Each structure stands twice: as C-alpha cells, then as structure tokens.
Amino acid sequence: MPKVAFYTLGCKVNQYESAAMAELFENRGYTIVDFDSEADVYIINTCNVTNESARKSRQIIRKAIRSNPTAKIAVVGCYAQTNADEILKIPGVSVILGTKDRQKIVDLLQQSDKTEAPVVDIKNVMKEETFEEIAVKGHRQKTRAFLKIEDGCNMFCSYCIIPYARGPVRSRMLNNILNEAENLAKDGFKEIVLTGIHLGLYGTDLKDKTSLLDVISEIAKIQGIERIRLSSIEIIELTDEFLLGLSKIDKFCHHFHVPLQSGCDSVLQRMNRRYTTVEFAERVSRIRELLPDASITTDIIVGFPGETDEEFEQTKNFIKAIDFSKLHVFPFSPRKGTPAAAMTNQVEKDIKSTRCHELLKLSEKLEGNFRNKFLNSSQKVLFEDKTSNGLYEGFTENYIKVVAPSTANADLHNKIACVKLIKNLNDCVYGEIAEP
C-alpha cells in the first residue's frame with residue numbers, strides 16, 4: 001500500500017482540512033504515516049498569515065523533498081493560494097493546490113504522473129459563494145474534535161492576507177453540521193471545537209439566517225456531546241443576545257479567544273479593526289457579568305507600522321486592565337499585497353523582539369493569576385493524554401490545563417472527572433480526582 005504523510009501549519013481550520021484530506025487518501029488505499037517517516041506522497045498544508053509561516057512552509061516542502069527525492073510532493077492551502085509562483089521555484093513539487101477543491105487532491109497527484117511540470121490548481125476564491133463540503137468522519141484523536149462550519153473572511157484588516165487566500169464568508173448548512181456532529185458523538189467524542197476563518201460571521205450569508213447560536217443550541221441536543229467550544233471569535237460579534245443565549249447552554253465551554261491585536265485606539269484604526277478599546281472593554285465586562293468563570297484569551301500584534309513607545313505602553317496597560325487569561329503574541333510581519341506592508345515607519349526588528357518578550361512575561365503572570373482564582377475548587381476535566389510521569393492531562397471547561405493522578409489505576413483517557421485543583425505549576429494546575 002502506498003504511504004502518505006501530512007504536515008500541517010497554521011490554524012485549526014487547516015488541521016481539520018488535513019484530517020479530511022487524509023481520509024480521502026485512506027479511502028483510495030493509502031496508509032497514513034508520520035511526516036518523519038519515508039513516504040510515497042507528502043502533503044504540506046501551508047499557512048501564509050505571517051512571513052515566518054510562509055518561510056516555514058517553504059522549509060517543510062524542502063524537508064519532504066530531501067526525505068524522499070522520488071516521492072510526490074503536494075503543496076496546498078493559503079500559501080499555495082497566494083504564492084504559487086514562489087512554490088514553483090522549488091524543484092521537486094508535483095502538485096500546487098489552493099484553498100478550493102481539496103477533494104481533488106488524490107486525482108491531481110495521479111494526474112501529475114503524466115506531466116513533467118507541476119500540476120497547478122489555483123481557483124479565484126474571491127467570488128466563491130458556497131461552503132465546500134469536505135467532512136471528517138474518523139478523527140484520529142479521541143477527545144476533542146474540530147468541526148469546521150465556516151470559511152472565508154470579509155473584514156480585510158490592513159495587515160492580513162487571509163481574505164485574499166480564503167475568499168468571502170461561506171457558511172455550512174446546519175443539517176450537514178449536525179450530521180457530522182452526530183457521527184462524532186457515535187465515535188466517542190465528548191467535546192467539539194467549532195472552527196472557521198471568521199467564525200462569528202457564521203450564517204450572515206445564509207438565506208434562512210441560521211446563526212452561530214442556533215448551531216451551538218442544536219449540537220447541544222446531541223446525546224454524547226458533553227462540551228461545545230469556540231475556537232476564536234471577534235469582540236464585535238459578542239452581542240448581548242449571543243452572550244445571553246450562550247449563558248443558558250450548559251454544554252457551552254466558558255472560554256473565549258477574542259483577538260485584540262492592539263490596546264491602543266490609534267493603532268487599531270491603522271489596522272482597520274472595527275472596534276475601540278472602550279467597546280472591547282464593555283463587551284468583556286458583559287462576558288464576566290454573565291459567565292464569571294470565563295477564560296478570555298487573546299492575540300496581540302506588536303510593532304505594527306508606526307507603533308510608538310507610548311502606543312505600546314497603552315497596549316500593555318490595557319491588557320493589564322482587561323486581565324486576560326493568556327496572550328498569544330506575534331511581531332508584526334508585513335505581507336505583500338496588504339496595505340500595512342506599504343505603510344511607512346516600519347518598526348525595527350529588535351524593538352519588536354523586545355516588546356514581544358515584555359508581553360510574553362506579562363502573559364505568564366496573567367496565566368498564573370487566572371489559575372490561582374480556581375485553586376481549592378472542584379472543576380470538571382476532560383482528560384486527554386497520559387504524561388511521561390504517569391499523570392493524566394486534560395482541560396477544564398474554561399481551559400485550565402490540569403494534571404492529576406488516576407485513582408485505582410483507572411484509565412482516564414477521554415473521561416470527564418471532577419478534579420480538585422491543588423497547586424499552580426509552571427503551565428498547569430496539579431489536581432486530585434474528587435469524590436463524586
């Protein structure tokens with residue numbers, strides 16, 4: 001049987017799409033192997049959100065070619081969609097496929113057997129109007145399952161290439177979402193993570209106006225699904241109606257990843273972000289009013305063009321005022337074709353590095369403070385993996401990482417248990433299984 005290996009860069013949507021493509025190969029008689037193993041086919045699912053992710057995509061392509069110079073190499077995803085010309089300069093690539101028609105991946109590889117030049121399949125996604133179905137039926141992990149329900153973005157932030165790589169918002173039909181969720185429940189999954197490129201705009205393109213809240217409410221009715229989590233959502237989509245609805249759904253996980261990007265209004269305006277810090281703070285306050293135990297994590301870009309020391313200090317002070325649970329910090333990376341790449345006053349690399357370091361140190365403090373709030377409380381933990389020292393590892397509903405010993409050598413994998421949180425460690429909390 002031919003062997004195929006996958007390497008996935010970037011977001012949870014990419015992870016979902018790689019899993020779907022892996023099933024296509026399995027259905028055609030291929031065996032899935034680790035990327036570090038020798039394979040007959042290598043699939044690199046690329047990311048193009050930053051210069052670093054584009055560089056890493058090229059690095060992984062070359063690594064696959066070195067692993068087996070006679071293998072077929074397929075490059076797919078966002079970097080392939082926007083920069084196929086750069087990939088064509090790398091000798092040894094067989095197929096370049098963008099962000100559409102991924103169900104054709106096996107056929108395109110077979111087609112490349114008959115051609116000397118790479119097979120390139122890049123469609124214009126800017127005019128796409130319908131969600132492309134490429135469902136995952138047999139996830140390999142047995143705890144959390146990603147479920148893609150939306151593609152595309154209409155926001156065009158000044159630094160972001162993704163709307164050009166993914167096209168406009170397209171929402172998946174509710175019945176198809178529920179069919180996949182029911183299959184996941186039958187396969188033993190207890191938690192579903194809803195994913196999309198701009199998840200909060202789900203349904204805005206549908207004629208029947210099905211909303212994200214409708215999706216969550218309907219999935220919550222499925223027997224076997226115990227948790228529903230959002231991958232990421234913009235602050236402007238956290239309306240009172242939406243938050244009130246979520247607060248009434250017992251299975252909804254109280255964890256919001258809400259990208260801030262900057263805590264300075266002048267920088268937000270240059271970024272073409274569609275909110276102010278005052279509006280952001282008001283929405284966060286409403287979350288905590290309705291869901292007091294909620295974890296609120298965020299993304300921050302440092303060193304955006306023209307960001308002064310004073311503007312950075314405003315961001316740092318705003319982060320402290322909001323009291324996030326965790327920060328994901330990125331240095332600004334100019335992407336060719338975006339307005340921000342052409343802006344003057346680009347910030348020097350060493351300044352961006354220093355600011356990143358400052359915010360990462362702040363994030364460590366914020367994470368520890370958040371975990372401390374729940375010490376000596378009992379929380380439901382979905383256990384995922386067993387660590388090398390014999391402890392089981394999992395997450396609370398509000399996304400606190402917990403390690404705990406099993407009682408009576410019980411297998412805790414994919415089990416939800418009530419755990420008393422005892423001690424704050426470096427990046428997690430040590431707990432003990434509580435009595436029912």
# chains A, B, ... in the order shown; residues from 1 in each chain; ligands from 1

$ residues_around --residues "A:Gln346" --least-positions-apart "3" --cutoff "9 Å" --atoms "only C-alpha atoms" --output "compact mmCIF listing (two decimals) with N, CA, C and O atoms, in the first residue's frame"
# COMPACT_ATOMS: atom_id res chain seq x y z
N GLY A 303 4.62 45.97 17.31
CA GLY A 303 5.46 46.55 16.27
C GLY A 303 4.71 46.80 14.97
O GLY A 303 5.32 46.79 13.89
N PHE A 304 3.39 47.05 15.06
CA PHE A 304 2.67 47.44 13.85
C PHE A 304 3.26 48.75 13.35
O PHE A 304 3.73 49.58 14.14
N PRO A 305 3.28 48.98 12.01
CA PRO A 305 3.91 50.19 11.47
C PRO A 305 3.48 51.46 12.22
O PRO A 305 2.30 51.72 12.40
N GLY A 306 4.49 52.20 12.66
CA GLY A 306 4.24 53.45 13.35
C GLY A 306 3.98 53.31 14.84
O GLY A 306 3.80 54.33 15.52
N GLU A 307 3.97 52.08 15.37
CA GLU A 307 3.70 51.91 16.80
C GLU A 307 4.82 52.55 17.62
O GLU A 307 5.96 52.09 17.59
N ALA A 341 1.77 46.50 4.62
CA ALA A 341 3.12 46.24 4.10
C ALA A 341 3.71 47.47 3.44
O ALA A 341 4.94 47.64 3.38
N MET A 343 2.99 50.60 4.42
CA MET A 343 3.00 51.74 5.34
C MET A 343 4.42 52.16 5.68
O MET A 343 5.34 51.34 5.71

$ select_by_dssp --residues "stretch 171-380 of chain A" --states "strand (DSSP E or B)" --output "NGL selection string"
:A and (171 or 191-195 or 227-230 or 252 or 255-257 or 261 or 295-302 or 326-331 or 378-380)

$ closest_residue --among "A:Cys47, A:Val267, A:Val93, A:Val258" --to "A:Ile65" --atoms "only C-alpha atoms"
A:Val93

$ closest_residue --among "A:Thr115, A:Ser333, A:Asn51, A:Ser247" --to "A:Leu291" --atoms "only C-alpha atoms"
A:Ser247

$ closest_residue --among "A:Ile96, A:Leu213, A:Cys428, A:Ile122" --to "A:Thr239" --atoms "only C-alpha atoms"
A:Leu213

$ residues_around --residues "A:Asp107" --least-positions-apart "5" --cutoff "12 Å" --atoms "only C-alpha atoms" --output "number ranges by chain"
A: 21, 24-25, 28, 74, 95, 97, 101-102, 112-114, 119, 121

$ select_by_dssp --residues "stretch 89-184 of chain A" --states "alpha helix (DSSP H)" --output "PyMOL selection string"
chain A and resi 105-112+162-166+174-184

$ atom_distance --atom1 "atom CA of A:Asn426" --atom2 "atom CA of A:Glu364"
8.7 Å

$ residues_around --residues "A:Gly167" --least-positions-apart "4" --cutoff "9 Å" --atoms "only C-alpha atoms" --output "NGL selection string"
:A and (124-129 or 151-154 or 162-163)

$ write_last_selection --atoms "N, CA and C atoms" --output "PDB file, in the first residue's frame"
ATOM      1  N   ASN A 124      -9.948  31.192  -8.420  1.00  0.00           N
ATOM      2  CA  ASN A 124     -10.259  32.515  -7.871  1.00  0.00           C
ATOM      3  C   ASN A 124     -11.311  32.351  -6.776  1.00  0.00           C
ATOM      4  N   VAL A 125     -10.875  32.443  -5.522  1.00  0.00           N
ATOM      5  CA  VAL A 125     -11.807  32.217  -4.408  1.00  0.00           C
ATOM      6  C   VAL A 125     -12.570  33.481  -4.021  1.00  0.00           C
ATOM      7  N   MET A 126     -12.215  34.617  -4.617  1.00  0.00           N
ATOM      8  CA  MET A 126     -12.848  35.877  -4.217  1.00  0.00           C
ATOM      9  C   MET A 126     -14.317  35.950  -4.614  1.00  0.00           C
ATOM     10  N   LYS A 127     -14.736  35.082  -5.526  1.00  0.00           N
ATOM     11  CA  LYS A 127     -16.132  35.088  -5.962  1.00  0.00           C
ATOM     12  C   LYS A 127     -16.899  33.855  -5.476  1.00  0.00           C
ATOM     13  N   GLU A 128     -16.289  33.085  -4.596  1.00  0.00           N
ATOM     14  CA  GLU A 128     -16.962  31.896  -4.073  1.00  0.00           C
ATOM     15  C   GLU A 128     -18.156  32.281  -3.212  1.00  0.00           C
ATOM     16  N   GLU A 129     -19.232  31.519  -3.319  1.00  0.00           N
ATOM     17  CA  GLU A 129     -20.452  31.833  -2.574  1.00  0.00           C
ATOM     18  C   GLU A 129     -20.953  30.673  -1.716  1.00  0.00           C
ATOM     19  N   ASP A 151     -16.053  29.230   6.286  1.00  0.00           N
ATOM     20  CA  ASP A 151     -14.807  29.548   5.591  1.00  0.00           C
ATOM     21  C   ASP A 151     -14.882  30.997   5.118  1.00  0.00           C
ATOM     22  N   GLY A 152     -13.709  31.620   4.948  1.00  0.00           N
ATOM     23  CA  GLY A 152     -13.659  32.963   4.395  1.00  0.00           C
ATOM     24  C   GLY A 152     -13.779  34.079   5.406  1.00  0.00           C
ATOM     25  N   CYS A 153     -13.422  35.292   4.954  1.00  0.00           N
ATOM     26  CA  CYS A 153     -13.443  36.479   5.822  1.00  0.00           C
ATOM     27  C   CYS A 153     -13.711  37.711   4.970  1.00  0.00           C
ATOM     28  N   ASN A 154     -14.553  38.608   5.497  1.00  0.00           N
ATOM     29  CA  ASN A 154     -14.904  39.841   4.788  1.00  0.00           C
ATOM     30  C   ASN A 154     -14.281  41.088   5.409  1.00  0.00           C
ATOM     31  N   ILE A 162      -5.303  36.856   4.641  1.00  0.00           N
ATOM     32  CA  ILE A 162      -6.209  35.705   4.639  1.00  0.00           C
ATOM     33  C   ILE A 162      -7.483  35.916   3.812  1.00  0.00           C
ATOM     34  N   PRO A 163      -8.121  37.096   3.811  1.00  0.00           N
ATOM     35  CA  PRO A 163      -9.295  37.252   2.943  1.00  0.00           C
ATOM     36  C   PRO A 163      -8.994  36.973   1.471  1.00  0.00           C
TER      37      PRO A 163
END

$ closest_residue --among "A:Ile32, A:Ile222, A:Leu174, A:Val278" --to "A:Leu206" --atoms "only C-alpha atoms"
A:Leu174

$ residues_around --residues "stretch 232-234 of chain A" --least-positions-apart "2" --cutoff "6 Å" --atoms "only C-alpha atoms" --output "VMD selection string"
chain A and resid 200 230 236 to 237 257 to 258

$ residues_around --residues "A:Asp411" --least-positions-apart "4" --cutoff "10 Å" --atoms "only C-alpha atoms" --output "ChimeraX atom specification"
/A:383,386,392,406-407,415

$ closest_residue --among "A:Cys11, A:Leu201, A:Leu260, A:Ala64" --to "A:Asp34" --atoms "only C-alpha atoms"
A:Ala64

$ residues_around --residues "A:Asp36" --least-positions-apart "4" --cutoff "12 Å" --atoms "only C-alpha atoms" --output "MDAnalysis selection string"
chainID A and resid 4:7 32 42 60 63:68

$ write_last_selection --atoms "N, CA and C atoms" --output "mmCIF file, in the first residue's frame"
data_model
loop_
_atom_site.group_PDB
_atom_site.id
_atom_site.type_symbol
_atom_site.label_atom_id
_atom_site.label_comp_id
_atom_site.auth_asym_id
_atom_site.auth_seq_id
_atom_site.Cartn_x
_atom_site.Cartn_y
_atom_site.Cartn_z
ATOM 1 N N VAL A 4 1.362 7.879 2.681
ATOM 2 C CA VAL A 4 1.245 9.325 2.571
ATOM 3 C C VAL A 4 1.447 9.955 3.943
ATOM 4 N N ALA A 5 2.177 11.080 3.978
ATOM 5 C CA ALA A 5 2.463 11.790 5.226
ATOM 6 C C ALA A 5 1.987 13.230 5.098
ATOM 7 N N PHE A 6 1.490 13.772 6.209
ATOM 8 C CA PHE A 6 0.962 15.138 6.229
ATOM 9 C C PHE A 6 1.762 16.010 7.192
ATOM 10 N N TYR A 7 1.937 17.277 6.794
ATOM 11 C CA TYR A 7 2.464 18.296 7.703
ATOM 12 C C TYR A 7 1.534 19.492 7.603
ATOM 13 N N ILE A 32 -1.581 6.133 6.134
ATOM 14 C CA ILE A 32 -1.088 7.388 6.703
ATOM 15 C C ILE A 32 0.103 7.089 7.616
ATOM 16 N N TYR A 42 3.958 13.234 0.100
ATOM 17 C CA TYR A 42 3.965 14.177 1.217
ATOM 18 C C TYR A 42 2.998 15.315 0.900
ATOM 19 N N ILE A 60 9.494 23.282 5.117
ATOM 20 C CA ILE A 60 8.923 21.930 5.222
ATOM 21 C C ILE A 60 8.822 21.274 3.851
ATOM 22 N N LYS A 63 12.190 19.969 3.169
ATOM 23 C CA LYS A 63 12.477 18.820 4.030
ATOM 24 C C LYS A 63 11.845 17.548 3.464
ATOM 25 N N ALA A 64 10.622 17.642 2.983
ATOM 26 C CA ALA A 64 9.945 16.480 2.411
ATOM 27 C C ALA A 64 10.684 15.976 1.170
ATOM 28 N N ILE A 65 11.154 16.904 0.347
ATOM 29 C CA ILE A 65 11.887 16.511 -0.863
ATOM 30 C C ILE A 65 13.171 15.782 -0.494
ATOM 31 N N ARG A 66 13.864 16.270 0.548
ATOM 32 C CA ARG A 66 15.094 15.592 0.991
ATOM 33 C C ARG A 66 14.801 14.220 1.569
ATOM 34 N N SER A 67 13.653 14.076 2.243
ATOM 35 C CA SER A 67 13.320 12.796 2.884
ATOM 36 C C SER A 67 13.189 11.681 1.861
ATOM 37 N N ASN A 68 12.623 12.009 0.710
ATOM 38 C CA ASN A 68 12.481 11.017 -0.357
ATOM 39 C C ASN A 68 12.399 11.747 -1.692
#

$ decode --residues "stretch 65-187 of chain A" --atoms "C-alpha atoms" --output "PDB file, in the first residue's frame"
ATOM      1  CA  ILE A  65      11.887  16.511  -0.863  1.00  0.00           C
ATOM      2  CA  ARG A  66      15.094  15.592   0.991  1.00  0.00           C
ATOM      3  CA  SER A  67      13.320  12.796   2.884  1.00  0.00           C
ATOM      4  CA  ASN A  68      12.481  11.017  -0.357  1.00  0.00           C
ATOM      5  CA  PRO A  69      13.558  12.674  -3.623  1.00  0.00           C
ATOM      6  CA  THR A  70      11.389  10.242  -5.615  1.00  0.00           C
ATOM      7  CA  ALA A  71       8.215  10.988  -3.626  1.00  0.00           C
ATOM      8  CA  LYS A  72       5.280  13.052  -4.838  1.00  0.00           C
ATOM      9  CA  ILE A  73       5.043  16.416  -3.076  1.00  0.00           C
ATOM     10  CA  ALA A  74       1.714  18.261  -2.881  1.00  0.00           C
ATOM     11  CA  VAL A  75       1.582  21.805  -1.502  1.00  0.00           C
ATOM     12  CA  VAL A  76      -1.897  23.002  -0.528  1.00  0.00           C
ATOM     13  CA  GLY A  77      -3.575  25.758   1.475  1.00  0.00           C
ATOM     14  CA  CYS A  78      -3.240  29.514   1.972  1.00  0.00           C
ATOM     15  CA  TYR A  79       0.415  29.967   0.961  1.00  0.00           C
ATOM     16  CA  ALA A  80      -0.211  27.880  -2.157  1.00  0.00           C
ATOM     17  CA  GLN A  81      -3.275  30.007  -2.963  1.00  0.00           C
ATOM     18  CA  THR A  82      -1.477  33.362  -2.767  1.00  0.00           C
ATOM     19  CA  ASN A  83       2.129  32.475  -3.670  1.00  0.00           C
ATOM     20  CA  ALA A  84       2.088  29.621  -6.160  1.00  0.00           C
ATOM     21  CA  ASP A  85       4.812  31.396  -8.141  1.00  0.00           C
ATOM     22  CA  GLU A  86       7.235  31.078  -5.211  1.00  0.00           C
ATOM     23  CA  ILE A  87       6.447  27.375  -4.772  1.00  0.00           C
ATOM     24  CA  LEU A  88       7.036  26.721  -8.487  1.00  0.00           C
ATOM     25  CA  LYS A  89      10.656  27.796  -7.947  1.00  0.00           C
ATOM     26  CA  ILE A  90      11.222  24.812  -5.633  1.00  0.00           C
ATOM     27  CA  PRO A  91      12.296  21.780  -7.725  1.00  0.00           C
ATOM     28  CA  GLY A  92      10.524  18.557  -6.805  1.00  0.00           C
ATOM     29  CA  VAL A  93       6.976  19.805  -6.186  1.00  0.00           C
ATOM     30  CA  SER A  94       4.343  17.733  -8.009  1.00  0.00           C
ATOM     31  CA  VAL A  95       1.060  19.484  -7.179  1.00  0.00           C
ATOM     32  CA  ILE A  96       0.109  23.002  -6.052  1.00  0.00           C
ATOM     33  CA  LEU A  97      -3.484  23.239  -4.825  1.00  0.00           C
ATOM     34  CA  GLY A  98      -5.043  26.341  -3.245  1.00  0.00           C
ATOM     35  CA  THR A  99      -7.921  26.627  -0.806  1.00  0.00           C
ATOM     36  CA  LYS A 100     -10.602  25.201  -3.103  1.00  0.00           C
ATOM     37  CA  ASP A 101     -11.307  21.704  -4.489  1.00  0.00           C
ATOM     38  CA  ARG A 102      -9.274  19.813  -1.927  1.00  0.00           C
ATOM     39  CA  GLN A 103     -11.408  16.747  -2.588  1.00  0.00           C
ATOM     40  CA  LYS A 104      -9.448  16.516  -5.885  1.00  0.00           C
ATOM     41  CA  ILE A 105      -6.070  16.101  -4.168  1.00  0.00           C
ATOM     42  CA  VAL A 106      -5.622  12.363  -4.894  1.00  0.00           C
ATOM     43  CA  ASP A 107      -6.674  12.743  -8.533  1.00  0.00           C
ATOM     44  CA  LEU A 108      -4.310  15.684  -9.040  1.00  0.00           C
ATOM     45  CA  LEU A 109      -1.397  13.634  -7.724  1.00  0.00           C
ATOM     46  CA  GLN A 110      -2.249  10.828 -10.112  1.00  0.00           C
ATOM     47  CA  GLN A 111      -2.509  13.386 -12.923  1.00  0.00           C
ATOM     48  CA  SER A 112       0.995  14.610 -12.095  1.00  0.00           C
ATOM     49  CA  ASP A 113       2.327  11.153 -13.073  1.00  0.00           C
ATOM     50  CA  LYS A 114       1.622  12.099 -16.692  1.00  0.00           C
ATOM     51  CA  THR A 115       3.204  15.548 -16.665  1.00  0.00           C
ATOM     52  CA  GLU A 116       6.741  16.835 -16.310  1.00  0.00           C
ATOM     53  CA  ALA A 117       5.734  20.208 -14.881  1.00  0.00           C
ATOM     54  CA  PRO A 118       3.870  20.538 -11.572  1.00  0.00           C
ATOM     55  CA  VAL A 119       0.077  20.382 -11.721  1.00  0.00           C
ATOM     56  CA  VAL A 120      -1.237  23.748 -10.525  1.00  0.00           C
ATOM     57  CA  ASP A 121      -4.883  24.110  -9.452  1.00  0.00           C
ATOM     58  CA  ILE A 122      -5.497  27.621  -8.106  1.00  0.00           C
ATOM     59  CA  LYS A 123      -9.054  28.946  -8.395  1.00  0.00           C
ATOM     60  CA  ASN A 124     -10.259  32.515  -7.871  1.00  0.00           C
ATOM     61  CA  VAL A 125     -11.807  32.217  -4.408  1.00  0.00           C
ATOM     62  CA  MET A 126     -12.848  35.877  -4.217  1.00  0.00           C
ATOM     63  CA  LYS A 127     -16.132  35.088  -5.962  1.00  0.00           C
ATOM     64  CA  GLU A 128     -16.962  31.896  -4.073  1.00  0.00           C
ATOM     65  CA  GLU A 129     -20.452  31.833  -2.574  1.00  0.00           C
ATOM     66  CA  THR A 130     -20.928  28.321  -1.163  1.00  0.00           C
ATOM     67  CA  PHE A 131     -19.194  26.347   1.581  1.00  0.00           C
ATOM     68  CA  GLU A 132     -17.102  23.481   0.219  1.00  0.00           C
ATOM     69  CA  GLU A 133     -18.052  20.227   1.928  1.00  0.00           C
ATOM     70  CA  ILE A 134     -15.049  18.121   2.930  1.00  0.00           C
ATOM     71  CA  ALA A 135     -16.177  16.388   6.113  1.00  0.00           C
ATOM     72  CA  VAL A 136     -14.083  14.383   8.558  1.00  0.00           C
ATOM     73  CA  LYS A 137     -15.610  11.055   9.530  1.00  0.00           C
ATOM     74  CA  GLY A 138     -12.873   9.345  11.561  1.00  0.00           C
ATOM     75  CA  HIS A 139     -10.753  11.691  13.680  1.00  0.00           C
ATOM     76  CA  ARG A 140      -7.606  10.047  14.991  1.00  0.00           C
ATOM     77  CA  GLN A 141      -7.645  11.553  18.451  1.00  0.00           C
ATOM     78  CA  LYS A 142     -10.416  10.529  20.829  1.00  0.00           C
ATOM     79  CA  THR A 143     -11.063  13.565  22.981  1.00  0.00           C
ATOM     80  CA  ARG A 144     -11.713  16.884  21.241  1.00  0.00           C
ATOM     81  CA  ALA A 145     -12.829  17.046  17.630  1.00  0.00           C
ATOM     82  CA  PHE A 146     -12.593  20.095  15.401  1.00  0.00           C
ATOM     83  CA  LEU A 147     -15.705  20.787  13.347  1.00  0.00           C
ATOM     84  CA  LYS A 148     -15.369  23.314  10.528  1.00  0.00           C
ATOM     85  CA  ILE A 149     -18.581  25.244   9.942  1.00  0.00           C
ATOM     86  CA  GLU A 150     -17.415  28.379   8.090  1.00  0.00           C
ATOM     87  CA  ASP A 151     -14.807  29.548   5.591  1.00  0.00           C
ATOM     88  CA  GLY A 152     -13.659  32.963   4.395  1.00  0.00           C
ATOM     89  CA  CYS A 153     -13.443  36.479   5.822  1.00  0.00           C
ATOM     90  CA  ASN A 154     -14.904  39.841   4.788  1.00  0.00           C
ATOM     91  CA  MET A 155     -13.031  42.083   7.224  1.00  0.00           C
ATOM     92  CA  PHE A 156      -9.815  42.999   5.355  1.00  0.00           C
ATOM     93  CA  CYS A 157      -7.718  44.100   8.315  1.00  0.00           C
ATOM     94  CA  SER A 158      -4.849  46.140   6.881  1.00  0.00           C
ATOM     95  CA  TYR A 159      -2.178  43.573   7.867  1.00  0.00           C
ATOM     96  CA  CYS A 160      -3.962  40.371   6.833  1.00  0.00           C
ATOM     97  CA  ILE A 161      -3.643  38.343   3.617  1.00  0.00           C
ATOM     98  CA  ILE A 162      -6.209  35.705   4.639  1.00  0.00           C
ATOM     99  CA  PRO A 163      -9.295  37.252   2.943  1.00  0.00           C
ATOM    100  CA  TYR A 164      -7.361  37.004  -0.342  1.00  0.00           C
ATOM    101  CA  ALA A 165      -6.397  33.398   0.391  1.00  0.00           C
ATOM    102  CA  ARG A 166      -9.807  32.230   1.592  1.00  0.00           C
ATOM    103  CA  GLY A 167     -12.338  34.479  -0.114  1.00  0.00           C
ATOM    104  CA  PRO A 168     -15.604  35.789   1.377  1.00  0.00           C
ATOM    105  CA  VAL A 169     -17.615  34.259   4.218  1.00  0.00           C
ATOM    106  CA  ARG A 170     -19.340  30.965   3.337  1.00  0.00           C
ATOM    107  CA  SER A 171     -21.348  29.118   5.975  1.00  0.00           C
ATOM    108  CA  ARG A 172     -22.013  25.398   6.154  1.00  0.00           C
ATOM    109  CA  MET A 173     -25.609  24.195   6.089  1.00  0.00           C
ATOM    110  CA  LEU A 174     -26.921  23.304   9.545  1.00  0.00           C
ATOM    111  CA  ASN A 175     -28.039  19.780   8.611  1.00  0.00           C
ATOM    112  CA  ASN A 176     -24.525  18.930   7.380  1.00  0.00           C
ATOM    113  CA  ILE A 177     -23.013  20.283  10.600  1.00  0.00           C
ATOM    114  CA  LEU A 178     -25.392  18.213  12.721  1.00  0.00           C
ATOM    115  CA  ASN A 179     -24.783  15.052  10.691  1.00  0.00           C
ATOM    116  CA  GLU A 180     -21.064  15.331  11.293  1.00  0.00           C
ATOM    117  CA  ALA A 181     -21.576  16.179  14.986  1.00  0.00           C
ATOM    118  CA  GLU A 182     -23.789  13.107  15.424  1.00  0.00           C
ATOM    119  CA  ASN A 183     -21.138  10.914  13.805  1.00  0.00           C
ATOM    120  CA  LEU A 184     -18.524  12.375  16.132  1.00  0.00           C
ATOM    121  CA  ALA A 185     -20.715  11.535  19.120  1.00  0.00           C
ATOM    122  CA  LYS A 186     -21.101   7.944  17.864  1.00  0.00           C
ATOM    123  CA  ASP A 187     -17.311   7.730  17.578  1.00  0.00           C
TER     124      ASP A 187
END
